[in-house]
Every structure is written in structure tokens, then in C-alpha cells.
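Undergrad: Here you go, this is target04.txt (compact mmCIF, C-alpha atoms).
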# COMPACT_ATOMS: atom_id res chain seq x y z
CA MET U 1 125.08 88.31 113.31
CA PRO U 2 126.10 89.63 109.89
CA LEU U 3 125.45 93.34 109.57
CA ILE U 4 124.00 92.75 106.13
CA LEU U 5 120.91 91.07 107.57
CA PRO U 6 119.31 94.12 109.21
CA LEU U 7 120.45 96.35 106.36
CA LEU U 8 118.81 94.17 103.72
CA LEU U 9 115.64 93.96 105.82
CA ALA U 10 115.61 97.75 105.97
CA VAL U 11 116.05 97.94 102.19
CA VAL U 12 113.13 95.56 101.64
CA LEU U 13 110.86 97.44 104.07
CA PHE U 14 111.77 100.79 102.53
CA CYS U 15 111.00 99.57 99.02
CA ILE U 16 107.67 98.10 100.15
CA GLY U 17 106.92 101.56 101.55
CA VAL U 18 107.91 103.17 98.24
CA TYR U 19 105.58 100.80 96.40
CA GLY U 20 102.77 101.67 98.78
CA VAL U 21 103.26 105.40 98.36
CA LEU U 22 103.28 105.12 94.57
CA ALA U 23 100.50 102.56 94.13
CA ARG U 24 97.94 103.35 96.81
CA ARG U 25 95.08 105.73 96.33
CA ASN U 26 93.63 106.37 99.79
CA ALA U 27 95.53 109.11 101.62
CA ILE U 28 95.53 107.17 104.89
CA THR U 29 97.22 104.18 103.25
CA LEU U 30 99.84 106.59 101.94
CA LEU U 31 100.53 107.64 105.52
CA MET U 32 100.80 103.97 106.56
CA SER U 33 103.41 103.44 103.83
CA PHE U 34 105.33 106.44 105.18
CA GLU U 35 105.41 104.73 108.56
CA LEU U 36 106.91 101.61 106.97
CA MET U 37 109.65 103.71 105.35
CA LEU U 38 110.44 105.49 108.62
CA ASN U 39 110.69 102.10 110.31
CA ALA U 40 113.24 100.99 107.74
CA VAL U 41 115.31 104.07 108.57
CA ASN U 42 115.06 103.27 112.28
CA LEU U 43 116.24 99.73 111.62
CA ASN U 44 119.29 101.12 109.83
CA LEU U 45 120.04 103.44 112.75
CA ILE U 46 119.79 100.64 115.30
CA ALA U 47 121.89 98.26 113.20
CA PHE U 48 124.70 100.77 112.73
CA ASP U 49 124.53 101.67 116.40
CA ALA U 50 125.03 98.01 117.32
CA TRP U 51 127.85 97.72 114.76
CA ARG U 52 129.74 100.82 115.82
CA VAL U 53 129.40 100.87 119.58
CA ASP U 54 130.40 104.41 120.53
CA GLY U 55 129.18 104.63 124.11
CA LEU U 56 126.95 107.59 123.29
CA ALA U 57 124.01 105.52 122.02
CA THR U 58 123.92 107.80 118.98
CA GLY U 59 121.85 105.57 116.75
CA GLN U 60 119.36 104.63 119.43
CA THR U 61 118.86 108.24 120.48
CA LEU U 62 118.30 109.23 116.87
CA ALA U 63 115.87 106.33 116.44
CA VAL U 64 113.83 107.56 119.41
CA PHE U 65 113.86 111.04 117.86
CA VAL U 66 112.67 109.65 114.53
CA ILE U 67 109.85 107.79 116.28
CA THR U 68 108.79 111.08 117.90
CA LEU U 69 108.96 112.83 114.54
CA ALA U 70 106.83 110.09 113.03
CA ALA U 71 104.21 110.68 115.69
CA ALA U 72 104.18 114.41 114.94
CA GLU U 73 104.06 113.71 111.20
CA ILE U 74 101.11 111.33 111.42
CA GLY U 75 99.23 113.74 113.67
CA LEU U 76 99.57 116.57 111.18
CA GLY U 77 98.99 114.26 108.22
CA LEU U 78 95.76 112.90 109.61
CA ALA U 79 94.57 116.43 110.44
CA ILE U 80 95.12 117.35 106.79
CA VAL U 81 93.37 114.16 105.64
CA LEU U 82 90.36 114.93 107.84
CA LEU U 83 90.27 118.47 106.46
CA LEU U 84 90.32 117.03 102.94
CA PHE U 85 87.46 114.73 103.84
CA ARG U 86 85.45 117.60 105.32
CA GLY U 87 85.97 119.76 102.27
CA HIS U 88 85.63 117.22 99.49
CA GLY U 89 83.92 114.17 100.95
CA HIS U 90 86.68 111.78 99.88
CA VAL U 91 90.27 111.00 100.82
CA ASP U 92 91.41 110.02 97.34
CA ALA U 93 94.94 111.30 96.86
CA ASP U 94 94.62 111.11 93.07
CA ALA U 95 91.44 113.18 92.96
CA ALA U 96 92.71 115.92 95.27
CA ARG U 97 93.99 118.28 92.62
CA ASP U 98 93.36 121.62 94.24
CA LEU U 99 97.04 122.50 94.17
CA ALA U 100 97.68 121.23 90.66
CA GLU U 101 98.95 123.75 88.19
CA GLN U 102 96.17 125.03 86.00
CA GLU U 103 96.48 125.87 82.36
CA ARG U 104 97.17 129.57 82.40
CA GLN U 105 94.42 131.59 80.79
CA GLU U 106 95.66 134.67 79.05
CA THR U 107 93.14 137.39 79.70
CA PRO U 108 93.50 140.82 78.10
CA GLU U 109 93.93 142.37 81.55
CA LEU U 110 96.86 140.10 82.36
CA GLN U 111 98.42 140.76 78.98
CA GLU U 112 98.20 144.47 79.61
CA LYS U 113 99.88 144.02 82.97
CA GLY U 114 102.58 141.93 81.35
CA ALA U 115 103.13 144.61 78.72
CA ALA U 116 103.31 147.31 81.36
CA THR U 117 105.95 145.57 83.45
CA MET F 1 120.42 82.67 118.63
CA THR F 2 119.94 86.39 118.07
CA THR F 3 120.41 85.83 114.34
CA ALA F 4 117.60 83.26 114.25
CA LEU F 5 115.36 85.51 116.34
CA PHE F 6 116.11 88.44 114.05
CA ALA F 7 115.46 86.38 110.93
CA VAL F 8 112.07 85.21 112.21
CA ALA F 9 111.02 88.73 113.24
CA GLY F 10 112.29 90.14 109.94
CA ALA F 11 110.35 87.58 107.88
CA VAL F 12 107.17 88.40 109.80
CA ALA F 13 107.81 92.11 109.25
CA VAL F 14 108.29 91.70 105.50
CA VAL F 15 105.17 89.55 105.07
CA ALA F 16 103.06 91.93 107.14
CA ALA F 17 104.43 94.95 105.29
CA VAL F 18 103.56 93.40 101.93
CA LEU F 19 100.04 92.81 103.22
CA VAL F 20 99.84 96.43 104.41
CA VAL F 21 100.46 97.76 100.91
CA THR F 22 98.48 95.13 98.98
CA SER F 23 95.45 94.39 101.16
CA ARG F 24 92.15 95.33 99.52
CA ARG F 25 90.48 96.00 102.85
CA ILE F 26 91.77 99.22 104.29
CA VAL F 27 91.05 98.33 107.91
CA HIS F 28 92.94 95.06 107.46
CA ALA F 29 95.87 97.03 106.10
CA ALA F 30 95.88 99.16 109.26
CA LEU F 31 95.80 96.04 111.43
CA TRP F 32 98.61 94.39 109.45
CA LEU F 33 100.57 97.57 110.16
CA VAL F 34 100.39 96.60 113.85
CA VAL F 35 101.99 93.24 113.04
CA ALA F 36 104.68 94.83 110.87
CA LEU F 37 105.61 97.46 113.46
CA GLY F 38 105.58 94.90 116.27
CA ALA F 39 107.88 92.61 114.28
CA VAL F 40 110.26 95.52 113.67
CA ALA F 41 110.19 96.11 117.43
CA GLY F 42 111.23 92.46 117.81
CA CYS F 43 114.15 93.14 115.44
CA PHE F 44 115.17 96.05 117.67
CA GLY F 45 115.04 93.72 120.66
CA ALA F 46 117.24 91.17 118.86
CA LEU F 47 119.77 93.95 118.27
CA HIS F 48 119.80 94.69 122.02
CA ALA F 49 117.95 98.00 121.74
CA GLU F 50 115.31 97.16 124.30
CA PHE F 51 114.36 100.73 125.13
CA VAL F 52 113.79 101.63 121.49
CA ALA F 53 111.76 98.45 121.05
CA LEU F 54 109.50 99.42 123.95
CA VAL F 55 109.15 102.99 122.67
CA GLN F 56 108.30 101.58 119.25
CA ILE F 57 105.51 99.43 120.69
CA LEU F 58 104.27 102.25 122.92
CA VAL F 59 104.26 105.02 120.33
CA TYR F 60 103.64 103.19 117.07
CA VAL F 61 101.27 100.42 118.07
CA GLY F 62 99.77 102.30 121.00
CA ALA F 63 99.35 105.74 119.50
CA ILE F 64 99.91 105.91 115.76
CA VAL F 65 97.89 102.88 114.69
CA VAL F 66 95.05 103.90 117.01
CA LEU F 67 95.16 107.36 115.41
CA VAL F 68 95.04 105.76 111.96
CA LEU F 69 92.07 103.62 112.96
CA PHE F 70 90.28 106.70 114.30
CA ALA F 71 90.96 108.50 111.03
CA LEU F 72 89.56 105.54 109.11
CA MET F 73 86.42 105.70 111.22
CA LEU F 74 86.07 109.46 110.81
CA THR F 75 86.48 109.30 107.05
CA ARG F 76 83.87 106.52 106.86
CA ALA F 77 86.25 104.03 105.30
CA PRO F 78 84.29 101.04 104.03
CA THR F 79 85.13 97.66 105.51
CA ASN F 80 84.36 95.67 102.38
CA PRO F 81 87.13 94.93 99.85
CA LEU F 82 87.79 97.84 97.55
CA PRO F 83 89.04 96.81 94.11
CA ASN F 84 90.27 100.30 93.27
CA LEU F 85 92.26 100.93 96.44
CA THR F 86 95.39 100.34 94.35
CA THR F 87 95.71 102.52 91.30
CA GLY F 88 96.24 101.29 87.78
CA ARG F 89 99.89 102.29 87.88
CA SER F 90 100.80 99.65 90.44
CA PRO F 91 102.96 97.63 87.97
CA PHE F 92 104.97 100.77 87.34
CA ALA F 93 105.24 101.33 91.08
CA ALA F 94 106.39 97.74 91.56
CA VAL F 95 109.08 98.22 88.91
CA VAL F 96 110.29 101.41 90.59
CA ALA F 97 110.38 99.73 94.00
CA GLY F 98 112.15 96.68 92.60
CA VAL F 99 114.83 98.72 90.83
CA LEU F 100 115.34 100.77 93.99
CA ALA F 101 115.64 97.59 96.05
CA VAL F 102 118.25 96.15 93.67
CA LEU F 103 120.25 99.39 93.68
CA LEU F 104 120.19 99.84 97.45
CA GLY F 105 120.75 96.15 98.06
CA THR F 106 123.85 95.98 95.84
CA GLY F 107 125.20 99.12 97.45
CA VAL F 108 124.71 97.72 100.93
CA VAL F 109 126.20 94.33 100.02
CA ILE F 110 129.26 95.94 98.40
CA ALA F 111 129.82 98.32 101.30
CA PHE F 112 129.06 96.12 104.31
CA GLY F 113 129.06 92.56 102.95
CA ASN F 114 131.68 91.20 105.34
CA GLU F 115 130.96 93.16 108.49
CA LYS F 116 129.81 91.39 111.61
CA VAL F 117 127.72 92.95 114.30
CA ASP F 118 127.94 91.67 117.84
CA PRO F 119 125.09 93.20 119.81
CA VAL F 120 126.14 94.11 123.32
CA PRO F 121 123.60 95.04 125.97
CA ALA F 122 123.80 98.82 125.62
CA GLY F 123 120.19 99.67 124.99
CA SER F 124 118.58 99.81 128.40
CA ALA F 125 116.52 102.79 129.48
CA THR F 126 119.40 103.87 131.73
CA ASP F 127 121.91 103.98 128.89
CA VAL F 128 119.67 105.73 126.39
CA GLY F 129 118.34 108.15 129.00
CA THR F 130 121.84 109.07 130.10
CA ALA F 131 122.88 109.61 126.49
CA ILE F 132 119.85 111.77 125.73
CA PHE F 133 120.11 113.99 128.79
CA LYS F 134 123.89 114.20 128.84
CA THR F 135 125.06 114.37 125.24
CA TRP F 136 121.98 115.00 123.13
CA VAL F 137 120.07 117.38 125.35
CA LEU F 138 120.03 120.25 122.81
CA PRO F 139 118.52 118.14 120.00
CA PHE F 140 116.04 116.86 122.57
CA GLU F 141 114.91 120.40 123.38
CA VAL F 142 114.68 121.30 119.71
CA LEU F 143 112.55 118.21 119.21
CA SER F 144 110.20 119.26 121.98
CA VAL F 145 109.76 122.65 120.32
CA LEU F 146 109.02 120.85 117.06
CA LEU F 147 106.43 118.66 118.79
CA LEU F 148 104.78 121.79 120.18
CA ALA F 149 104.70 123.29 116.69
CA ALA F 150 103.12 120.11 115.30
CA LEU F 151 100.55 120.14 118.10
CA ILE F 152 99.61 123.76 117.40
CA GLY F 153 99.50 123.03 113.69
CA ALA F 154 97.16 120.07 114.13
CA ILE F 155 94.85 122.09 116.38
CA ALA F 156 94.86 125.03 113.97
CA LEU F 157 94.06 122.74 111.05
CA SER F 158 91.22 121.00 112.82
CA GLN F 159 89.71 124.23 114.17
CA ARG F 160 89.75 126.04 110.85
CA LYS F 161 86.45 127.41 109.65
CA LYS F 162 85.35 126.31 106.25
CA ALA F 163 86.74 128.67 103.64
CA LYS F 164 84.29 130.97 101.93
CA GLU F 165 83.16 129.97 98.49
CA ASP F 166 84.80 132.11 95.87
How would this structure read if it were set down as C-alpha cells?
TA:
Amino acid sequence: MPLILPLLLAVVLFCIGVYGVLARRNAITLLMSFELMLNAVNLNLIAFDAWRVDGLATGQTLAVFVITLAAAEIGLGLAIVLLLFRGHGHVDADAARDLAEQERQETPELQEKGAAT
Amino acid sequence: MTTALFAVAGAVAVVAAVLVVTSRRIVHAALWLVVALGAVAGCFGALHAEFVALVQILVYVGAIVVLVLFALMLTRAPTNPLPNLTTGRSPFAAVVAGVLAVLLGTGVVIAFGNEKVDPVPAGSATDVGTAIFKTWVLPFEVLSVLLLAALIGAIALSQRKKAKED
């Protein structure tokens, strides 16, 4: 089997995941796109492990680790999504702007502090 | 034989992945994710990584997709088609993904265009287990600490009282 076949499949899956992360609106679909990207990485690891047989199963071990990390990531991610839903009543990633940088309002008090320091 | 098997599984994976990111019904997207992840597990099997393929099915299809479906239920995701599930900047996103695919694809073809891979049976549970507990035991322990941290984090997030109104 040419090595290029799994590598190109991984490239295609990763870019589909990138498209999903950029274009989707629901936070849960964003997490699903992350899973696709992590799978592309796993495919790369397995392909290079089969190409460069080193007797230590490096790529396969790392792929199992990445799968475990993905499980931890989706658990935390869904906890955050549920918290967002409880607080705001939606899971729209575009509308969740609580952490966005606000326009700084110059109050006299702040200006005084700035002058003092 | 393995090449044909891999090509079939890869084609299924790509089609299912495209449906995951373009489907207008969010529950359908989650179910297409099952197909995509299962097809990738088939690719692992074609590359003689049977243990990883089984772990993939067990963890991804068995745990992660079920978790996603539960989250969809808990957030009252509608089952009817949603026209605005994809934002208006999807053409821009498609351009970015396409350019990235061309860049990565050319890089991969230039670097590994002539390499052949000959999968040997080195992916059984015995082999991978021996490698993990002989060579990679320290990363394994670090990973278990990380899993514990993620568990505590998820519990802390879900048990948090609602913040006071400012």
C-alpha cells in the first residue's frame, strides 16, 4: 500500500474538521469537528507506525493516548457546553461573547489611577 | 487487498465526515459521526492496528458519541432541519479548508510520494500492551493523572452554583 493513501485521507479528514470548526454555529457540532481532526491525527500516527516499524509500537501507543485525551477533552467540553446552556439558554458559539473584549470605558476614577501610577 | 479495503473504508469516512459538517439536522450529524469514526476504525484495521481499531470503536462510538447524544438531549437540540446551523461565513471557511488541504496535500506528496508501507501484524493487544507497560509506562501514568484532572474538572464544572448577578 502506498504510504500516501492514509496520509492524504488524514489531510482530507483534517480539513473537513477545520471547515466544521469555522462554519458551524452550535457548540456541540464544533466538538464533533474536533473529533474528526483528532481522528485525522490518529490516522497519521498509525500510518507512520506501519511505515517505520520500530518494535516499540510508538505510533499505536500514541494513538491510544490521543484517543484517551479526546475522551477527556469531550467530557470537559460538554460540561462547559451544558454550563453555557444553563446560564444562557442556548449553545450558540457565535452568541457566547462573555469573554469578548469590551470597549474600554474611560471613567474619571480610572484616569486618576492611571495618572497616579 | 489491504489497499482496496483501506480505500473503501477511507471513502466511507470522507463521505460521512462531509455529512457530519454539512448536515442540517444536528442529531443526524451526530449519527454520521458514528459512521465516520467506524470507517476510520476500519482504516486502522487495514493498517494492521487491530487493538487501536477496537479501542477506537469502544471509546469513540461507545462513549464519546453517546456523550454527544446525551448533550444534544440535555440542551434540547431540535430534531427538525435548522437552516442557520451553518453560519454565513461558510464559503470563507470552505476556502480556508481548501487552501489548507492543498498546502498539506502537496507537502505530503512531495515528502512521502514514493514510500510504500507494508503493514505487518504488529498491532495485537499483546504487542501494544507490552509496549505501553514496558517502554511507555511513564507517559501512561502521566495520562492517568491527566484523566483524573479532567474528571475532577468536569465534576467541578457541573456542580458549580449559579454565579451571583452583579
Undergrad: Could you tell me which residues of chain U sit within 8 Å of chain F when counting all atoms listed in the file, and give me the result as a PyMOL selection string?
TA: chain U and resi 1-5+7-9+11-13+15-20+22-26+28-29+32-33+36+39+43+46-47+50-51+56-58+60-61+63-65+67-69+71-76+78-80+82-83+85+87+90-91
Undergrad: How many Å separate CA of Leu82 (chain F) from CA of Arg25 (chain F)?
TA: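 Rounded to one decimal, the two atoms are 6.2 Å apart.
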Undergrad: Can you measure CA of Val53 (chain U) to CA of Ala70 (chain U) for me? One decimal in Å is fine.
TA: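 Taking CA of Val53 (chain U) as the start and CA of Ala70 (chain U) as the end point, the length is 25.2 Å.
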